[in-house]
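Visitor: I am sharing coords32.cif, which consists of mmCIF, C-alpha atoms:
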data_target
loop_
_atom_site.label_atom_id
_atom_site.label_comp_id
_atom_site.auth_asym_id
_atom_site.auth_seq_id
_atom_site.Cartn_x
_atom_site.Cartn_y
_atom_site.Cartn_z
CA PRO V 1 154.92 -9.90 -207.30
CA TYR V 2 152.94 -10.16 -210.53
CA GLY V 3 153.99 -12.24 -213.49
CA LEU V 4 151.90 -10.11 -215.86
CA SER V 5 149.92 -7.02 -214.90
CA ILE V 6 147.27 -6.19 -217.49
CA THR V 7 146.93 -2.41 -217.76
CA VAL V 8 144.74 -1.94 -220.86
CA ASN V 9 141.26 -2.94 -221.99
CA ASN V 10 140.41 -5.03 -225.05
CA ILE V 11 143.41 -7.33 -224.98
CA LYS V 12 143.90 -11.05 -225.63
CA VAL V 13 146.67 -13.09 -224.02
CA SER V 14 147.32 -16.55 -225.45
CA CYS V 15 150.12 -18.61 -223.93
CA ASN V 16 149.93 -21.36 -226.57
CA ASN V 17 150.16 -23.97 -223.77
CA THR V 18 153.45 -22.55 -222.49
CA ILE V 19 154.24 -23.54 -218.88
CA LEU V 20 154.69 -20.54 -216.59
CA LYS V 21 156.41 -21.49 -213.35
CA GLY V 22 156.40 -19.41 -210.19
CA ASN V 23 157.93 -19.69 -206.74
CA ILE V 24 155.04 -20.25 -204.37
CA SER V 25 157.07 -19.27 -201.30
CA ASN V 26 157.20 -15.68 -202.62
CA TYR V 27 153.38 -15.50 -202.93
CA PRO V 28 153.43 -14.67 -206.64
CA THR V 29 150.38 -13.89 -208.80
CA ALA V 30 150.64 -14.99 -212.42
CA PHE V 31 148.08 -12.54 -213.88
CA PHE V 32 146.69 -9.40 -212.27
CA ALA V 33 144.14 -6.92 -213.59
CA TYR V 34 142.28 -4.04 -211.96
CA ASP V 35 139.32 -2.11 -213.36
CA LYS V 36 139.54 -3.64 -216.85
CA THR V 37 137.03 -4.88 -219.42
CA ASN V 38 137.10 -7.24 -222.39
CA ILE V 39 140.29 -9.11 -221.64
CA SER V 40 140.89 -12.70 -222.65
CA ILE V 41 143.44 -15.17 -221.28
CA GLU V 42 143.72 -18.57 -222.95
CA ASN V 43 145.85 -21.72 -222.96
CA CYS V 44 148.17 -20.84 -220.07
CA ARG V 45 149.76 -23.53 -217.89
CA LEU V 46 150.58 -22.27 -214.41
CA VAL V 47 152.69 -24.15 -211.85
CA ASP V 48 153.58 -23.12 -208.27
CA TYR V 49 151.83 -19.74 -208.09
CA ASN V 50 150.14 -18.54 -204.93
CA THR V 51 147.40 -16.95 -207.08
CA GLY V 52 146.82 -17.77 -210.70
CA PHE V 53 144.50 -14.92 -211.67
CA GLY V 54 143.93 -11.99 -209.33
CA PHE V 55 141.15 -9.74 -210.65
CA GLN V 56 139.40 -6.72 -209.16
CA ASN V 57 136.55 -5.05 -211.00
CA VAL V 58 137.22 -6.99 -214.20
CA ASN V 59 134.15 -7.32 -216.40
CA ASN V 60 132.99 -8.75 -219.73
CA SER V 61 136.07 -10.94 -220.09
CA TYR V 62 136.92 -14.52 -221.08
CA PHE V 63 139.22 -17.11 -219.50
CA ILE V 64 139.45 -20.30 -221.50
CA ASN V 65 141.41 -23.55 -221.28
CA ASN V 66 143.91 -22.51 -218.62
CA THR V 67 145.41 -24.90 -216.06
CA MET V 68 146.99 -24.41 -212.66
CA THR V 69 148.89 -26.94 -210.54
CA ASN V 70 149.86 -26.29 -206.91
CA GLY V 71 148.80 -23.03 -205.30
CA SER V 72 146.41 -21.22 -203.01
CA TYR V 73 143.93 -19.50 -205.33
CA GLY V 74 143.08 -20.12 -208.95
CA PHE V 75 140.74 -17.28 -209.89
CA ASP V 76 140.51 -14.68 -207.12
CA ILE V 77 137.60 -12.52 -208.29
CA TYR V 78 136.53 -9.30 -206.55
CA TYR V 79 133.62 -7.32 -207.98
CA GLY V 80 133.77 -9.15 -211.32
CA ASN V 81 130.69 -9.20 -213.53
CA LYS V 82 129.64 -10.80 -216.82
CA ASN V 83 132.79 -12.89 -217.22
CA SER V 84 133.06 -16.38 -218.74
CA PHE V 85 135.27 -19.14 -217.32
CA ILE V 86 135.39 -22.09 -219.70
CA LYS V 87 137.35 -25.38 -219.63
CA ASN V 88 139.85 -24.30 -216.97
CA ARG V 89 141.47 -27.05 -214.88
CA PHE V 90 142.96 -26.92 -211.40
CA ASN V 91 144.93 -29.54 -209.51
CA ASN V 92 146.01 -29.22 -205.88
CA VAL V 93 144.85 -25.61 -205.57
CA TYR V 94 143.43 -24.61 -202.18
CA THR V 95 140.50 -22.61 -203.65
CA SER V 96 140.05 -22.79 -207.40
CA PHE V 97 137.34 -20.12 -207.82
CA TRP V 98 136.80 -17.43 -205.18
CA LEU V 99 133.92 -15.04 -205.90
CA TYR V 100 133.44 -11.91 -203.82
CA ARG V 101 130.48 -9.68 -204.66
CA SER V 102 130.56 -10.85 -208.26
CA SER V 103 127.51 -11.40 -210.45
CA ASN V 104 126.31 -12.64 -213.83
CA ASN V 105 129.38 -14.79 -214.48
CA SER V 106 129.35 -18.15 -216.27
CA PHE V 107 131.42 -21.16 -215.21
CA LEU V 108 131.23 -23.87 -217.85
CA ASN V 109 133.05 -27.21 -218.19
CA ASN V 110 135.74 -26.44 -215.63
CA SER V 111 137.51 -29.15 -213.63
CA VAL V 112 138.95 -28.95 -210.10
CA LEU V 113 140.46 -31.71 -208.01
CA GLY V 114 142.80 -32.33 -205.12
CA GLY V 115 142.23 -29.00 -203.36
CA THR V 116 140.09 -27.79 -200.48
CA THR V 117 137.33 -25.71 -202.11
CA GLY V 118 136.32 -25.79 -205.76
CA PHE V 119 133.92 -22.84 -205.91
CA LEU V 120 133.55 -20.41 -203.04
CA MET V 121 130.93 -17.66 -203.02
CA TYR V 122 131.79 -15.36 -200.17
CA GLU V 123 130.13 -12.28 -198.69
CA ASN V 124 126.90 -10.70 -199.87
CA ASN V 125 125.74 -9.84 -203.37
CA THR V 126 127.24 -12.70 -205.31
CA LYS V 127 124.23 -13.16 -207.57
CA ASN V 128 122.97 -14.56 -210.84
CA ASN V 129 126.01 -16.69 -211.61
CA LEU V 130 125.78 -19.88 -213.66
CA LEU V 131 127.72 -23.03 -212.71
CA TYR V 132 127.03 -25.59 -215.41
CA ASN V 133 128.61 -28.92 -216.30
CA ASN V 134 131.70 -28.54 -214.10
CA PHE V 135 133.55 -31.39 -212.38
CA SER V 136 134.64 -30.87 -208.79
CA SER V 137 136.50 -33.32 -206.58
CA ASP V 138 137.70 -31.11 -203.73
CA TYR V 139 137.02 -31.36 -200.00
CA TYR V 140 134.37 -28.63 -200.27
CA ASN V 141 133.19 -28.63 -203.84
CA ILE V 142 130.75 -25.73 -203.96
CA HIS V 143 130.56 -23.64 -200.81
CA ILE V 144 128.18 -20.68 -200.52
CA LEU V 145 128.41 -18.54 -197.39
CA ASN V 146 126.33 -15.79 -195.83
CA ASN V 147 123.09 -14.16 -196.88
CA ASN V 148 122.12 -12.50 -200.13
CA ASN V 149 124.21 -14.75 -202.36
CA ILE V 150 121.10 -15.46 -204.39
CA ASN V 151 119.73 -16.56 -207.75
CA ASN V 152 122.83 -18.54 -208.65
CA THR V 153 122.02 -21.41 -211.01
CA ILE V 154 123.99 -24.57 -210.21
CA ILE V 155 123.07 -27.56 -212.39
CA LYS V 156 124.56 -30.53 -214.27
CA ASN V 157 127.78 -30.42 -212.24
CA ILE V 158 129.48 -33.67 -211.22
CA ILE V 159 130.31 -33.53 -207.53
CA ASN V 160 132.74 -35.95 -205.86
CA GLY V 161 133.64 -35.40 -202.22
CA ASN V 162 131.74 -33.67 -199.45
CA GLY V 163 129.26 -32.21 -201.90
CA ILE V 164 127.60 -28.79 -201.95
CA THR V 165 127.08 -26.66 -198.86
CA ASP V 166 124.86 -23.60 -199.02
CA ASP V 167 123.85 -21.54 -196.00
CA ARG V 168 120.57 -20.68 -197.73
CA GLU V 169 120.03 -23.18 -200.51
CA GLU V 170 116.45 -22.02 -201.01
CA ASP V 171 117.83 -18.74 -202.40
CA ASN V 172 119.66 -20.47 -205.26
CA ILE V 173 118.58 -22.67 -208.15
CA TYR V 174 119.60 -26.33 -208.12
CA CYS V 175 117.00 -27.81 -210.44
CA ILE V 176 115.59 -26.82 -213.85
CA ASN V 177 113.13 -29.10 -215.63
CA ASN V 178 114.03 -31.94 -213.26
CA THR V 179 117.75 -31.56 -214.08
CA GLY V 180 120.00 -31.09 -211.07
CA ASN V 181 123.55 -32.08 -210.16
CA ILE V 182 125.20 -35.50 -210.13
CA TYR V 183 126.62 -36.62 -206.78
CA ILE V 184 129.07 -39.52 -206.71
CA ASN V 185 130.92 -41.43 -203.97
CA ASN V 186 128.49 -40.40 -201.23
CA ALA V 187 128.63 -36.69 -202.01
CA THR V 188 125.53 -34.79 -200.93
CA GLY V 189 123.80 -31.53 -201.73
CA PRO V 190 120.57 -29.95 -202.93
CA THR V 191 118.56 -32.13 -205.27
CA CYS V 192 115.57 -31.85 -207.55
CA TYR V 193 112.39 -32.11 -205.57
CA VAL V 194 109.86 -33.80 -207.81
CA ILE V 195 106.68 -31.74 -207.91
CA CYS V 196 103.61 -33.89 -208.29
CA ASN V 197 100.55 -32.17 -209.67
CA PRO V 198 97.44 -34.10 -208.65
CA ASN V 199 94.84 -34.86 -211.29
CA ILE V 200 91.64 -35.79 -209.50
CA ILE V 201 89.26 -37.97 -211.47
CA ASN V 202 85.72 -38.94 -210.49
CA THR V 203 84.14 -42.05 -211.89
CA THR V 204 80.49 -42.00 -212.93
CA PHE V 205 77.88 -42.71 -210.29
CA SER V 206 76.85 -46.30 -209.74
CA ASN V 207 73.28 -47.43 -210.12
CA TRP V 208 70.82 -46.70 -207.33
CA GLN V 209 70.63 -49.42 -204.70
CA ASN V 210 67.69 -49.94 -202.40
CA ILE V 211 68.43 -49.78 -198.72
CA SER V 212 65.05 -49.81 -197.00
CA CYS V 213 61.40 -49.10 -197.53
CA LEU V 214 59.88 -45.86 -196.35
CA LYS V 215 56.23 -45.01 -195.82
CA ILE V 216 53.90 -44.01 -198.60
CA ASP V 217 55.58 -46.01 -201.38
CA LYS V 218 59.00 -44.43 -200.97
CA MET V 219 62.37 -46.15 -200.92
CA ASN V 220 65.61 -45.21 -199.15
CA GLN V 221 68.34 -45.58 -201.82
CA THR V 222 72.04 -44.90 -202.25
CA ARG V 223 74.59 -44.65 -205.02
CA SER V 224 78.37 -43.95 -205.08
CA ARG V 225 81.31 -43.00 -207.19
CA ILE V 226 85.11 -43.33 -206.78
CA GLN V 227 87.48 -40.35 -206.70
CA TYR V 228 91.18 -40.93 -207.42
CA ASP V 229 94.37 -39.16 -208.52
CA ILE V 230 95.70 -40.55 -211.80
CA ASN V 231 99.15 -38.99 -211.03
CA ASN V 232 99.41 -40.87 -207.71
CA CYS V 233 100.43 -37.85 -205.65
CA ASN V 234 98.73 -39.31 -202.56
CA ILE V 235 96.52 -36.25 -202.37
CA THR V 236 92.76 -36.48 -202.05
CA GLN V 237 90.11 -33.84 -202.19
#
What does this structure look like when you write it as structure tokens?

Guide:
Amino acid sequence: PYGLSITVNNIKVSCNNTILKGNISNYPTAFFAYDKTNISIENCRLVDYNTGFGFQNVNNSYFINNTMTNGSYGFDIYYGNKNSFIKNRFNNVYTSFWLYRSSNNSFLNNSVLGGTTGFLMYENNTKNNLLYNNFSSDYYNIHILNNNNINNTIIKNIINGNGITDDREEDNIYCINNTGNIYINNATGPTCYVICNPNIINTTFSNWQNISCLKIDKMNQTRSRIQYDINNCNITQ
């Protein structure tokens, strides 16, 4: 059953911090939308829903300052593109954000704790999403599965727990201008690899030094110079 099924485009729903309570044993979904654009849901407080927000093919929409306590899925997003998720908070939700073949979404300043997975990118073609400045303290905080989930930018998030797992972390972006993610309490995940650019400097040659005399008024001489890297990259040429 759906608490509210959104059937039109270009609509804003504001709950004004009203608490909406479900019955999780009946597998309810608080908000459902299919094939919609430019919807906004703000300031809703959900308790005991199986799914908070079930969306399929929802695009160019905004979800701001919502909370959910107790449940299976927070945002269940199928084929959703160019959406913004800002300052949403989840407590004791099994998976807070589930993305399936969804691209160009922004996740900013969200908070998840006490669940199993904070952000799950599942199946192929989940691309070009931005996860920035979120806090996650779930068992799996950011979990990216399978191939072709690429070009997702994941930086400045605070990660507490088992960290970030990515089947192909080289396909995603975890560092920009030496800014990565913050891992606390032994959490692990991709980090910024410091790139050292060597700068090789040669000193001037020393004076000629005599080594030995040769025939016909000639002298065997030598001189030297030092080559070093002023950036200390431990690379020589």

Visitor: Nearest to Thr37 of chain V: which of V:Tyr94, V:Phe55, V:Phe135, V:Tyr73 is it, counting all atoms listed in the file?

Guide: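 Residue with the minimum atom-to-atom distance to Thr37 of chain V: V:Phe55.
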
Visitor: Which of these residues is nearest to Asn172 of chain V, using only C-alpha atoms: V:Thr153, V:Asn207, V:Asn70, V:Asn160?

Guide: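 Smallest distance to Asn172 of chain V is found for V:Thr153.
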
Visitor: So what does the PyMOL selection byres ((chain V and resi 145-150) around 9) actually pick up in this one, as a list in words?

Guide: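 This file, filtered by the PyMOL selection byres ((chain V and resi 145-150) around 9), leaves Arg101, Leu120, Met121, Tyr122, Glu123, Asn124, Asn125, Thr126, Lys127, Asn128, Asn129, His143, Ile144, Asn151, Asn152, Thr153, Thr165, Asp166, Asp167, Arg168, Glu169, Glu170, Asp171, Asn172 and Ile173 of chain V.
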
Visitor: At a cut-off of 7 Å, using only C-alpha atoms, what residues contact Tyr49 of chain V? Leave out same-chain residues fewer than 3 positions from it and give the result as a list of chain:residue names.

Guide: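 The residues that qualify are V:Gly22, V:Asn23, V:Ile24, V:Tyr27, V:Pro28, V:Thr29, V:Ala30, V:Leu46, V:Gly52, V:Asn70, V:Gly71.
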
Visitor: For the residues in that selection, give me C-alpha atoms as a PDB file, in the frame of the given file.

Guide:
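That gives us selection35.pdb:
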ATOM      1  CA  GLY V  22     156.400 -19.410-210.190  1.00  0.00           C
ATOM      2  CA  ASN V  23     157.930 -19.690-206.740  1.00  0.00           C
ATOM      3  CA  ILE V  24     155.040 -20.250-204.370  1.00  0.00           C
ATOM      4  CA  TYR V  27     153.380 -15.500-202.930  1.00  0.00           C
ATOM      5  CA  PRO V  28     153.430 -14.670-206.640  1.00  0.00           C
ATOM      6  CA  THR V  29     150.380 -13.890-208.800  1.00  0.00           C
ATOM      7  CA  ALA V  30     150.640 -14.990-212.420  1.00  0.00           C
ATOM      8  CA  LEU V  46     150.580 -22.270-214.410  1.00  0.00           C
ATOM      9  CA  GLY V  52     146.820 -17.770-210.700  1.00  0.00           C
ATOM     10  CA  ASN V  70     149.860 -26.290-206.910  1.00  0.00           C
ATOM     11  CA  GLY V  71     148.800 -23.030-205.300  1.00  0.00           C
TER      12      GLY V  71
END

Visitor: Which distance in Å separates atom CA of Asp138 of chain V and atom CA of Gly163 of chain V, to one decimal?

Guide: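 The value is 8.7 Å.
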
Visitor: Once the PyMOL selection byres ((chain V and resi 15) around 6) is applied to the coordinates I shared, what remains selected? I want it as a PyMOL selection string.

Guide: chain V and resi 14+16-18+43-44

Visitor: Could you write out as a list in words the residues that the PyMOL selection byres ((chain V and resi 187) around 10) matches in the shown file?

Guide: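 Taken over the shown coordinates, the PyMOL selection byres ((chain V and resi 187) around 10) returns Ser137, Asn141, Ile158, Ile159, Asn160, Gly161, Asn162, Gly163, Ile164, Ile182, Tyr183, Ile184, Asn185, Asn186, Thr188 and Gly189 of chain V.
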
Visitor: What's the 6 Å shell around Ser102 of chain V, counting all atoms listed in the file, without same-chain residues fewer than 5 positions away, as a PyMOL selection string?

Guide: chain V and resi 79-81+126

Visitor: Print the selection's residues with C-alpha atoms to a file, as a short mmCIF file (atom, residue, chain, number, x, y, z; two decimals), in the frame of the given file.

Guide:
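Result file is result29.cif:
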data_model
loop_
_atom_site.label_atom_id
_atom_site.label_comp_id
_atom_site.auth_asym_id
_atom_site.auth_seq_id
_atom_site.Cartn_x
_atom_site.Cartn_y
_atom_site.Cartn_z
CA TYR V 79 133.62 -7.32 -207.98
CA GLY V 80 133.77 -9.15 -211.32
CA ASN V 81 130.69 -9.20 -213.53
CA THR V 126 127.24 -12.70 -205.31
#

Visitor: Please write out, as AutoDock Vina command-line options, where the centre of an axis-aligned box around all listed atoms of segment 154-168 of chain V lies and how long its edges are, in Å to one decimal, after adding 4 Å on each side.

Guide:
--center_x 127.1 --center_y -28.3 --center_z -205.1 --size_x 21.1 --size_y 23.3 --size_z 26.3

Visitor: Quick one, how far is atom CA of Ser84 of chain V from atom CA of Ile41 of chain V?

Guide: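 Between these atoms lies a distance of 10.8 Å.
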